[in-house]
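Participant: If it helps, the file is called input-v8.pdb and holds PDB, C-alpha atoms:
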ATOM      1  CA  MET Q 519     180.739 119.527  47.497
ATOM      2  CA  ALA Q 520     181.864 122.917  48.808
ATOM      3  CA  GLN Q 521     181.590 121.696  52.407
ATOM      4  CA  ARG Q 522     183.748 118.680  51.586
ATOM      5  CA  ARG Q 523     186.495 120.840  50.044
ATOM      6  CA  TRP Q 524     186.438 123.171  53.027
ATOM      7  CA  LEU Q 525     186.796 120.226  55.435
ATOM      8  CA  GLN Q 526     189.729 118.857  53.416
ATOM      9  CA  THR Q 527     191.428 122.255  53.577
ATOM     10  CA  VAL Q 528     190.887 122.496  57.327
ATOM     11  CA  THR Q 529     192.213 118.989  57.989
ATOM     12  CA  ARG Q 530     195.253 119.537  55.743
ATOM     13  CA  HIS Q 531     196.237 122.669  57.688
ATOM     14  CA  ALA Q 532     195.358 121.127  61.066
ATOM     15  CA  LEU Q 533     197.581 118.049  60.686
ATOM     16  CA  PRO Q 534     200.827 119.988  61.353
ATOM     17  CA  LEU Q 535     199.338 121.287  64.579
ATOM     18  CA  LEU Q 536     198.535 117.762  65.780
ATOM     19  CA  SER Q 537     201.962 116.340  64.880
ATOM     20  CA  SER Q 538     204.807 116.029  67.438
ATOM     21  CA  LYS Q 539     207.179 118.381  65.630
ATOM     22  CA  PRO Q 540     206.566 121.994  66.600
ATOM     23  CA  THR Q 541     206.278 124.496  63.863
ATOM     24  CA  THR Q 542     208.029 127.834  63.972
ATOM     25  CA  SER Q 543     205.319 129.881  62.398
ATOM     26  CA  LEU Q 544     201.675 129.541  61.615
ATOM     27  CA  LYS Q 545     200.168 130.889  58.470
ATOM     28  CA  PRO Q 546     196.514 131.925  58.384
ATOM     29  CA  LEU Q 547     194.176 129.593  56.628
ATOM     30  CA  PRO Q 548     192.977 130.722  53.240
ATOM     31  CA  HIS Q 549     189.513 132.158  52.932
ATOM     32  CA  LEU Q 550     189.432 132.914  56.686
ATOM     33  CA  PRO Q 551     189.602 136.349  58.244
ATOM     34  CA  ALA Q 552     191.943 135.266  61.098
ATOM     35  CA  PRO Q 553     193.971 132.181  62.114
ATOM     36  CA  ILE Q 554     192.120 129.467  64.005
ATOM     37  CA  SER Q 555     193.643 128.054  67.179
ATOM     38  CA  LEU Q 556     193.918 124.332  67.971
ATOM     39  CA  LYS Q 557     191.539 124.643  70.897
ATOM     40  CA  SER Q 558     188.824 126.143  68.755
ATOM     41  CA  ILE Q 559     189.269 123.387  66.148
ATOM     42  CA  LEU Q 560     189.146 120.503  68.683
ATOM     43  CA  SER Q 561     186.224 121.922  70.666
ATOM     44  CA  PRO Q 562     182.882 120.144  70.002
ATOM     45  CA  LYS Q 563     181.191 122.972  68.199
ATOM     46  CA  PRO Q 564     178.583 122.402  65.492
ATOM     47  CA  LEU Q 565     179.827 122.414  61.952
ATOM     48  CA  GLN Q 566     177.296 125.050  60.876
ATOM     49  CA  GLN Q 567     179.145 127.627  62.989
ATOM     50  CA  PHE Q 568     182.299 127.206  60.873
ATOM     51  CA  LEU Q 569     180.473 126.975  57.595
ATOM     52  CA  TYR Q 570     178.282 130.052  57.723
ATOM     53  CA  THR Q 571     180.076 132.548  60.005
ATOM     54  CA  ASP Q 572     181.645 134.290  57.032
ATOM     55  CA  PRO Q 573     179.310 134.991  54.133
ATOM     56  CA  THR Q 574     182.273 135.267  51.712
ATOM     57  CA  LEU Q 575     183.158 131.571  52.054
ATOM     58  CA  PHE Q 576     180.403 130.233  49.866
ATOM     59  CA  HIS Q 577     178.083 131.619  47.288
ATOM     60  CA  ALA Q 578     174.691 130.371  46.140
ATOM     61  CA  ARG Q 579     174.812 128.221  43.037
ATOM     62  CA  ASN Q 580     172.021 128.022  40.473
ATOM     63  CA  PHE Q 581     172.017 124.745  38.609
ATOM     64  CA  SER Q 582     169.735 126.151  35.905
ATOM     65  CA  SER Q 583     171.230 127.769  32.833
ATOM     66  CA  SER Q 584     169.849 131.215  33.692
ATOM     67  CA  SER Q 585     167.213 132.975  35.697
ATOM     68  CA  ARG Q 586     165.135 133.187  32.537
ATOM     69  CA  ASP Q 587     164.583 129.411  32.689
ATOM     70  CA  ASP Q 588     163.206 129.793  36.196
ATOM     71  CA  SER Q 589     160.707 132.387  35.024
ATOM     72  CA  GLU Q 590     159.674 130.148  32.092
ATOM     73  CA  ASN Q 591     159.243 127.203  34.449
ATOM     74  CA  GLU Q 592     157.098 129.345  36.714
ATOM     75  CA  GLU Q 593     154.964 130.372  33.735
ATOM     76  CA  ASP Q 594     154.602 126.699  32.682
ATOM     77  CA  ASP Q 595     153.603 125.766  36.209
ATOM     78  CA  GLY Q 596     151.009 128.527  36.160
ATOM     79  CA  GLU Q 597     149.605 127.279  32.836
ATOM     80  CA  GLU Q 598     149.468 123.695  34.107
ATOM     81  CA  GLY Q 599     147.746 124.880  37.266
ATOM     82  CA  SER Q 600     145.146 126.794  35.259
ATOM     83  CA  GLU Q 601     144.533 123.742  33.025
ATOM     84  CA  GLU Q 602     144.176 121.526  36.084
ATOM     85  CA  GLU Q 603     141.659 124.020  37.475
ATOM     86  CA  GLU Q 604     139.751 123.901  34.166
ATOM     87  CA  ASP Q 605     139.795 120.089  34.254
ATOM     88  CA  TYR Q 606     138.558 120.171  37.814
ATOM     89  CA  ASP Q 607     135.792 122.585  36.825
ATOM     90  CA  SER Q 608     134.739 120.346  33.919
ATOM     91  CA  ASP Q 609     134.723 117.284  36.186
ATOM     92  CA  SER Q 610     132.645 119.164  38.734
ATOM     93  CA  ASN Q 611     130.213 120.237  35.994
ATOM     94  CA  GLU Q 612     129.878 116.615  34.868
ATOM     95  CA  ALA Q 613     129.240 115.578  38.453
ATOM     96  CA  GLU Q 614     126.547 118.256  38.732
ATOM     97  CA  VAL Q 615     124.889 116.954  35.539
ATOM     98  CA  ASP Q 616     124.959 113.408  36.926
ATOM     99  CA  ASP Q 617     123.375 114.653  40.147
ATOM    100  CA  VAL Q 618     120.631 116.372  38.155
ATOM    101  CA  THR Q 619     119.853 113.202  36.196
ATOM    102  CA  VAL Q 620     119.759 111.146  39.397
ATOM    103  CA  SER Q 621     117.392 113.655  40.996
ATOM    104  CA  ASP Q 622     115.167 113.460  37.908
ATOM    105  CA  MET Q 623     115.049 109.670  38.189
ATOM    106  CA  LYS Q 624     114.075 109.891  41.864
ATOM    107  CA  ARG Q 625     111.376 112.456  41.161
ATOM    108  CA  GLU Q 626     107.797 111.311  41.574
ATOM    109  CA  TYR Q 627     105.636 111.896  38.483
ATOM    110  CA  SER Q 628     101.883 112.172  38.348
ATOM    111  CA  ALA Q 629      99.797 110.098  35.915
ATOM    112  CA  GLU Q 630      99.344 113.061  33.546
ATOM    113  CA  GLU Q 631     103.073 113.837  33.544
ATOM    114  CA  LYS Q 632     103.938 110.198  32.850
ATOM    115  CA  GLU Q 633     101.498 110.050  29.946
ATOM    116  CA  ALA Q 634     102.740 113.337  28.476
ATOM    117  CA  GLU Q 635     106.420 112.359  28.698
ATOM    118  CA  ALA Q 636     105.743 108.926  27.197
ATOM    119  CA  ALA Q 637     103.806 110.549  24.332
ATOM    120  CA  ALA Q 638     106.744 112.875  23.655
ATOM    121  CA  ILE Q 639     109.034 109.860  23.339
ATOM    122  CA  GLY Q 640     106.525 108.043  21.089
ATOM    123  CA  TYR Q 641     104.743 105.337  23.095
ATOM    124  CA  LYS Q 642     101.805 104.753  25.397
ATOM    125  CA  VAL Q 643     101.470 102.138  28.132
ATOM    126  CA  THR Q 644      98.132 100.293  27.931
ATOM    127  CA  GLY Q 645      98.595  97.843  30.814
ATOM    128  CA  PRO Q 646     100.158  94.509  31.717
ATOM    129  CA  LEU Q 647     100.095  91.510  29.415
ATOM    130  CA  LEU Q 648      97.250  89.060  30.113
ATOM    131  CA  PRO Q 649      97.440  85.269  29.658
ATOM    132  CA  SER Q 650      94.593  85.435  27.126
ATOM    133  CA  ASP Q 651      96.479  87.874  24.853
ATOM    134  CA  ARG Q 652      97.903  86.367  21.703
ATOM    135  CA  VAL Q 653     101.211  88.084  21.152
ATOM    136  CA  LEU Q 654     102.918  85.729  18.723
ATOM    137  CA  LYS Q 655     101.037  85.620  15.436
ATOM    138  CA  HIS Q 656     101.853  84.390  11.970
ATOM    139  CA  ARG Q 657     104.073  86.800  10.114
ATOM    140  CA  GLU Q 658     102.075  89.151   7.933
ATOM    141  CA  PRO Q 659     103.422  90.875   4.764
ATOM    142  CA  VAL Q 660     103.179  94.322   6.396
ATOM    143  CA  PHE Q 661     105.961  96.634   7.554
ATOM    144  CA  ALA Q 662     106.037  99.921   9.410
ATOM    145  CA  VAL Q 663     108.615 102.610  10.171
ATOM    146  CA  VAL Q 664     108.240 103.851  13.730
ATOM    147  CA  GLN Q 665     110.086 106.497  15.705
ATOM    148  CA  VAL Q 666     110.976 105.914  19.346
ATOM    149  CA  GLY Q 667     112.798 108.830  20.892
ATOM    150  CA  SER Q 668     115.333 109.989  18.301
ATOM    151  CA  HIS Q 669     115.672 106.620  16.492
ATOM    152  CA  GLN Q 670     113.670 105.099  13.661
ATOM    153  CA  PHE Q 671     113.051 101.381  13.136
ATOM    154  CA  LYS Q 672     111.574  99.360  10.301
ATOM    155  CA  VAL Q 673     109.542  96.559  11.889
ATOM    156  CA  SER Q 674     107.107  93.776  11.104
ATOM    157  CA  ASN Q 675     105.022  91.709  13.472
ATOM    158  CA  GLY Q 676     107.182  89.264  15.397
ATOM    159  CA  ASP Q 677     110.345  91.403  15.167
ATOM    160  CA  CYS Q 678     112.486  92.259  18.186
ATOM    161  CA  ILE Q 679     114.081  95.703  18.541
ATOM    162  CA  TYR Q 680     116.286  97.372  21.154
ATOM    163  CA  VAL Q 681     115.536 100.978  22.096
ATOM    164  CA  GLU Q 682     116.872 103.271  24.792
ATOM    165  CA  ARG Q 683     115.384 102.441  28.176
ATOM    166  CA  LEU Q 684     111.744 103.484  28.375
ATOM    167  CA  LYS Q 685     110.546 104.965  31.633
ATOM    168  CA  PHE Q 686     107.223 104.272  33.332
ATOM    169  CA  CYS Q 687     106.969 100.712  31.944
ATOM    170  CA  GLU Q 688     107.868  97.304  33.322
ATOM    171  CA  VAL Q 689     108.464  93.875  31.833
ATOM    172  CA  ASN Q 690     105.368  92.320  30.185
ATOM    173  CA  ASP Q 691     103.695  95.701  29.730
ATOM    174  CA  LYS Q 692     101.800  96.358  26.499
ATOM    175  CA  LEU Q 693     102.773  99.466  24.551
ATOM    176  CA  ILE Q 694     101.378 101.353  21.596
ATOM    177  CA  LEU Q 695     104.002 103.032  19.396
ATOM    178  CA  ASN Q 696     102.037 105.945  17.996
ATOM    179  CA  LYS Q 697     104.737 107.742  15.983
ATOM    180  CA  VAL Q 698     104.351 105.759  12.753
ATOM    181  CA  LEU Q 699     106.098 107.394   9.804
ATOM    182  CA  MET Q 700     105.305 104.849   7.097
ATOM    183  CA  LEU Q 701     103.211 101.754   6.421
ATOM    184  CA  GLY Q 702     103.616  99.393   3.520
ATOM    185  CA  THR Q 703     102.629  96.092   1.999
ATOM    186  CA  SER Q 704     103.470  94.316  -1.226
ATOM    187  CA  THR Q 705     100.774  96.312  -3.077
ATOM    188  CA  GLN Q 706     100.654  99.755  -1.456
ATOM    189  CA  THR Q 707     102.650 102.217   0.657
ATOM    190  CA  ILE Q 708     101.370 104.983   2.924
ATOM    191  CA  ILE Q 709     103.726 107.811   3.899
ATOM    192  CA  GLY Q 710     102.956 110.149   6.792
ATOM    193  CA  ARG Q 711     103.361 113.930   6.919
ATOM    194  CA  PRO Q 712     105.280 113.451   9.142
ATOM    195  CA  ILE Q 713     103.256 110.760  10.996
ATOM    196  CA  LEU Q 714     100.148 108.713  10.280
ATOM    197  CA  PRO Q 715      97.430 109.584  12.816
ATOM    198  CA  ASP Q 716      95.372 106.405  12.300
ATOM    199  CA  ALA Q 717      98.296 103.976  12.413
ATOM    200  CA  ALA Q 718      99.582 102.150  15.493
ATOM    201  CA  VAL Q 719     102.170  99.508  16.259
ATOM    202  CA  HIS Q 720     101.539  97.266  19.264
ATOM    203  CA  ALA Q 721     104.528  95.951  21.196
ATOM    204  CA  VAL Q 722     105.346  94.153  24.429
ATOM    205  CA  VAL Q 723     108.231  94.914  26.807
ATOM    206  CA  GLU Q 724     110.364  91.789  27.122
ATOM    207  CA  GLU Q 725     113.425  92.948  29.037
ATOM    208  CA  HIS Q 726     115.375  95.877  30.483
ATOM    209  CA  ALA Q 727     119.069  95.240  29.841
ATOM    210  CA  LEU Q 728     122.483  96.889  29.522
ATOM    211  CA  ASP Q 729     124.467  97.235  26.329
ATOM    212  CA  ALA Q 730     128.130  96.225  25.988
ATOM    213  CA  LYS Q 731     130.621  98.436  27.804
ATOM    214  CA  VAL Q 732     132.178 101.321  25.899
ATOM    215  CA  ILE Q 733     135.520 102.773  27.043
ATOM    216  CA  ILE Q 734     135.906 106.570  26.883
ATOM    217  CA  PHE Q 735     139.566 107.629  27.027
ATOM    218  CA  LYS Q 736     140.660 111.282  26.971
ATOM    219  CA  LYS Q 737     144.241 112.490  26.754
ATOM    220  CA  LYS Q 738     146.062 115.792  26.333
ATOM    221  CA  ARG Q 739     149.690 115.308  25.416
ATOM    222  CA  ARG Q 740     152.402 116.964  27.478
ATOM    223  CA  LYS Q 741     149.778 118.055  30.032
ATOM    224  CA  ASN Q 742     149.674 114.950  32.251
ATOM    225  CA  TYR Q 743     145.942 114.665  31.544
ATOM    226  CA  ARG Q 744     144.373 111.215  31.152
ATOM    227  CA  ARG Q 745     140.817 110.217  31.934
ATOM    228  CA  THR Q 746     139.337 106.738  31.462
ATOM    229  CA  LYS Q 747     135.650 106.054  31.911
ATOM    230  CA  GLY Q 748     133.292 103.215  31.049
ATOM    231  CA  HIS Q 749     129.671 103.410  29.973
ATOM    232  CA  ARG Q 750     126.919 100.833  29.500
ATOM    233  CA  GLN Q 751     123.792 102.127  27.816
ATOM    234  CA  GLU Q 752     120.465 101.053  29.305
ATOM    235  CA  LEU Q 753     118.220  99.383  26.735
ATOM    236  CA  THR Q 754     114.687  98.018  26.496
ATOM    237  CA  ARG Q 755     113.827  95.069  24.269
ATOM    238  CA  LEU Q 756     110.453  95.257  22.532
ATOM    239  CA  ARG Q 757     108.594  92.509  20.697
ATOM    240  CA  ILE Q 758     106.351  93.761  17.875
ATOM    241  CA  ALA Q 759     102.928  92.128  18.205
ATOM    242  CA  ASP Q 760     100.716  93.788  15.594
ATOM    243  CA  ILE Q 761     100.603  96.586  13.019
ATOM    244  CA  GLN Q 762      97.349  98.462  12.448
ATOM    245  CA  GLY Q 763      96.309 101.217  10.080
ATOM    246  CA  ILE Q 764      96.602  99.538   6.672
ATOM    247  CA  GLU Q 765      94.615  96.924   4.756
ATOM    248  CA  LYS Q 766      96.477  93.643   5.027
ATOM    249  CA  PRO Q 767      96.507  91.505   1.877
ATOM    250  CA  GLN Q 768      95.172  87.994   2.060
ATOM    251  CA  PRO Q 769      97.836  85.297   1.950
ATOM    252  CA  LYS Q 770      98.171  83.734  -1.474
ATOM    253  CA  VAL Q 771      97.403  80.019  -1.786
ATOM    254  CA  ASP Q 772      99.524  77.954  -4.142
ATOM    255  CA  PRO Q 773      97.241  76.316  -6.779
ATOM    256  CA  LYS Q 774      99.287  73.136  -6.647
ATOM    257  CA  GLN Q 775      98.668  72.766  -2.936
ATOM    258  CA  LYS Q 776      94.950  73.474  -3.533
ATOM    259  CA  MET Q 777      94.733  70.714  -6.211
ATOM    260  CA  ALA Q 778      96.573  68.293  -3.917
ATOM    261  CA  ALA Q 779      94.077  68.978  -1.115
ATOM    262  CA  VAL Q 780      91.127  68.371  -3.508
ATOM    263  CA  LYS Q 781      92.602  65.071  -4.736
ATOM    264  CA  GLN Q 782      93.177  63.963  -1.162
ATOM    265  CA  GLN Q 783      89.531  64.611  -0.339
ATOM    266  CA  GLU Q 784      88.432  62.626  -3.416
ATOM    267  CA  LYS Q 785      90.597  59.675  -2.407
ATOM    268  CA  VAL Q 786      89.094  59.690   1.077
ATOM    269  CA  ALA Q 787      85.576  59.749  -0.381
ATOM    270  CA  VAL Q 788      86.284  56.819  -2.755
ATOM    271  CA  ALA Q 789      87.826  54.754   0.007
ATOM    272  CA  ALA Q 790      84.778  55.306   2.171
TER     273      ALA Q 790
END
Transcribe the structure of this file into structure tokens.

Facilitator:
Amino acid sequence: MAQRRWLQTVTRHALPLLSSKPTTSLKPLPHLPAPISLKSILSPKPLQQFLYTDPTLFHARNFSSSSRDDSENEEDDGEEGSEEEEDYDSDSNEAEVDDVTVSDMKREYSAEEKEAEAAAIGYKVTGPLLPSDRVLKHREPVFAVVQVGSHQFKVSNGDCIYVERLKFCEVNDKLILNKVLMLGTSTQTIIGRPILPDAAVHAVVEEHALDAKVIIFKKKRRKNYRRTKGHRQELTRLRIADIQGIEKPQPKVDPKQKMAAVKQQEKVAVAA
């Protein structure tokens, strides 16, 4: 804007010089130390030479309200920079944790280490499932409360449960869940302190799957901080085959069905 006003002033005072009528006297241009000749005006010199030869022509303009605002803005920028550095550090720490977990998954375990880690979680791998094994049995009136990892499940034979992915086992492997907290039937209940040493729950690995996706969204207002991540938990589906460690009651027979079976046998004998 200041350059435009200066050019308008120069052109307004230069027009009389370019006109045909001679002027008697020339007045010096305002804001200039000395009068400018026509030759110097018409010569192809860069505009910067006219604009910045005299430092009194223009002055620096600050569009902010005061210099205090500039200092506050600088402080805000410093705070945002420090928060961005903290965010970067947290992201780097998360990346380091992910790298550690990946390295643990790639690590080769010995047989003793596998057995010890599986026992800490609460299971033991006994081997693959054979065609002669009878997994699906009639439902028995027995229940058990087992602990797998940090979760507890109430199960009966034939039930299907989902647990966090179990390492060192494949599909169709037979497992023994040895952390049994409680056993019960319709007539008695056995509670462990905290576990029952003689109890065991047999299960079979049916599938390794992924849970539904969960969206993790983080935001800090007025800080331009937004992070969106997705997570799918790895799961293992187990089929409960048998519960051992408690006396199982005999199934009750309805007397009406028993009388009907006896009458049927009598009818067959009479017909013969």

Participant: Any chance you could work out the axis-aligned box around range 691-697 of chain Q, listed atoms only, 6 Å on each side, giving centre and edge lengths in Å to one decimal, as JSON?

Facilitator:
{"center_x": 103.1, "center_y": 101.7, "center_z": 22.9, "size_x": 15.4, "size_y": 24.0, "size_z": 25.7}

Participant: Got a sec: who's within 9 Å of range 709-714 of chain Q, counting all atoms listed in the file, leaving out chain neighbours fewer than 4 positions off, as a list in words?

Facilitator: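 Listed by chain and then number, they are Val664, Asn696, Lys697, Val698, Leu699, Met700, Leu701, Gly702, Ala718 and Gly763 of chain Q.
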
Participant: Can you tell me how far CA of Pro659 in chain Q sits from CA of Gln762 in chain Q, in Å to one decimal?

Facilitator: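 A separation of 12.4 Å between them.
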
Participant: Written as a VMD selection string, what is the full residue list that the PyMOL selection byres ((chain Q and resi 704) around 12) yields on the file shown?

Facilitator: chain Q and resid 658 to 661 701 to 703 705 to 708 764 to 770

Participant: Counting only C-alpha atoms, which residue out of Q:Ser650, Q:Gln670, Q:Gln782, Q:Thr644 sits closest to Leu693 in chain Q?

Facilitator: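 Of Q:Ser650, Q:Gln670, Q:Gln782, Q:Thr644, the one nearest Leu693 in chain Q, counting only C-alpha atoms, is Q:Thr644.
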
Participant: Considering only C-alpha atoms, can you say which of Q:Glu633, Q:Arg745, Q:Val719, Q:Asp729 comes closest to Ser674 in chain Q?

Facilitator: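 When distances to Ser674 in chain Q are compared using only C-alpha atoms, the smallest one comes from Q:Val719.
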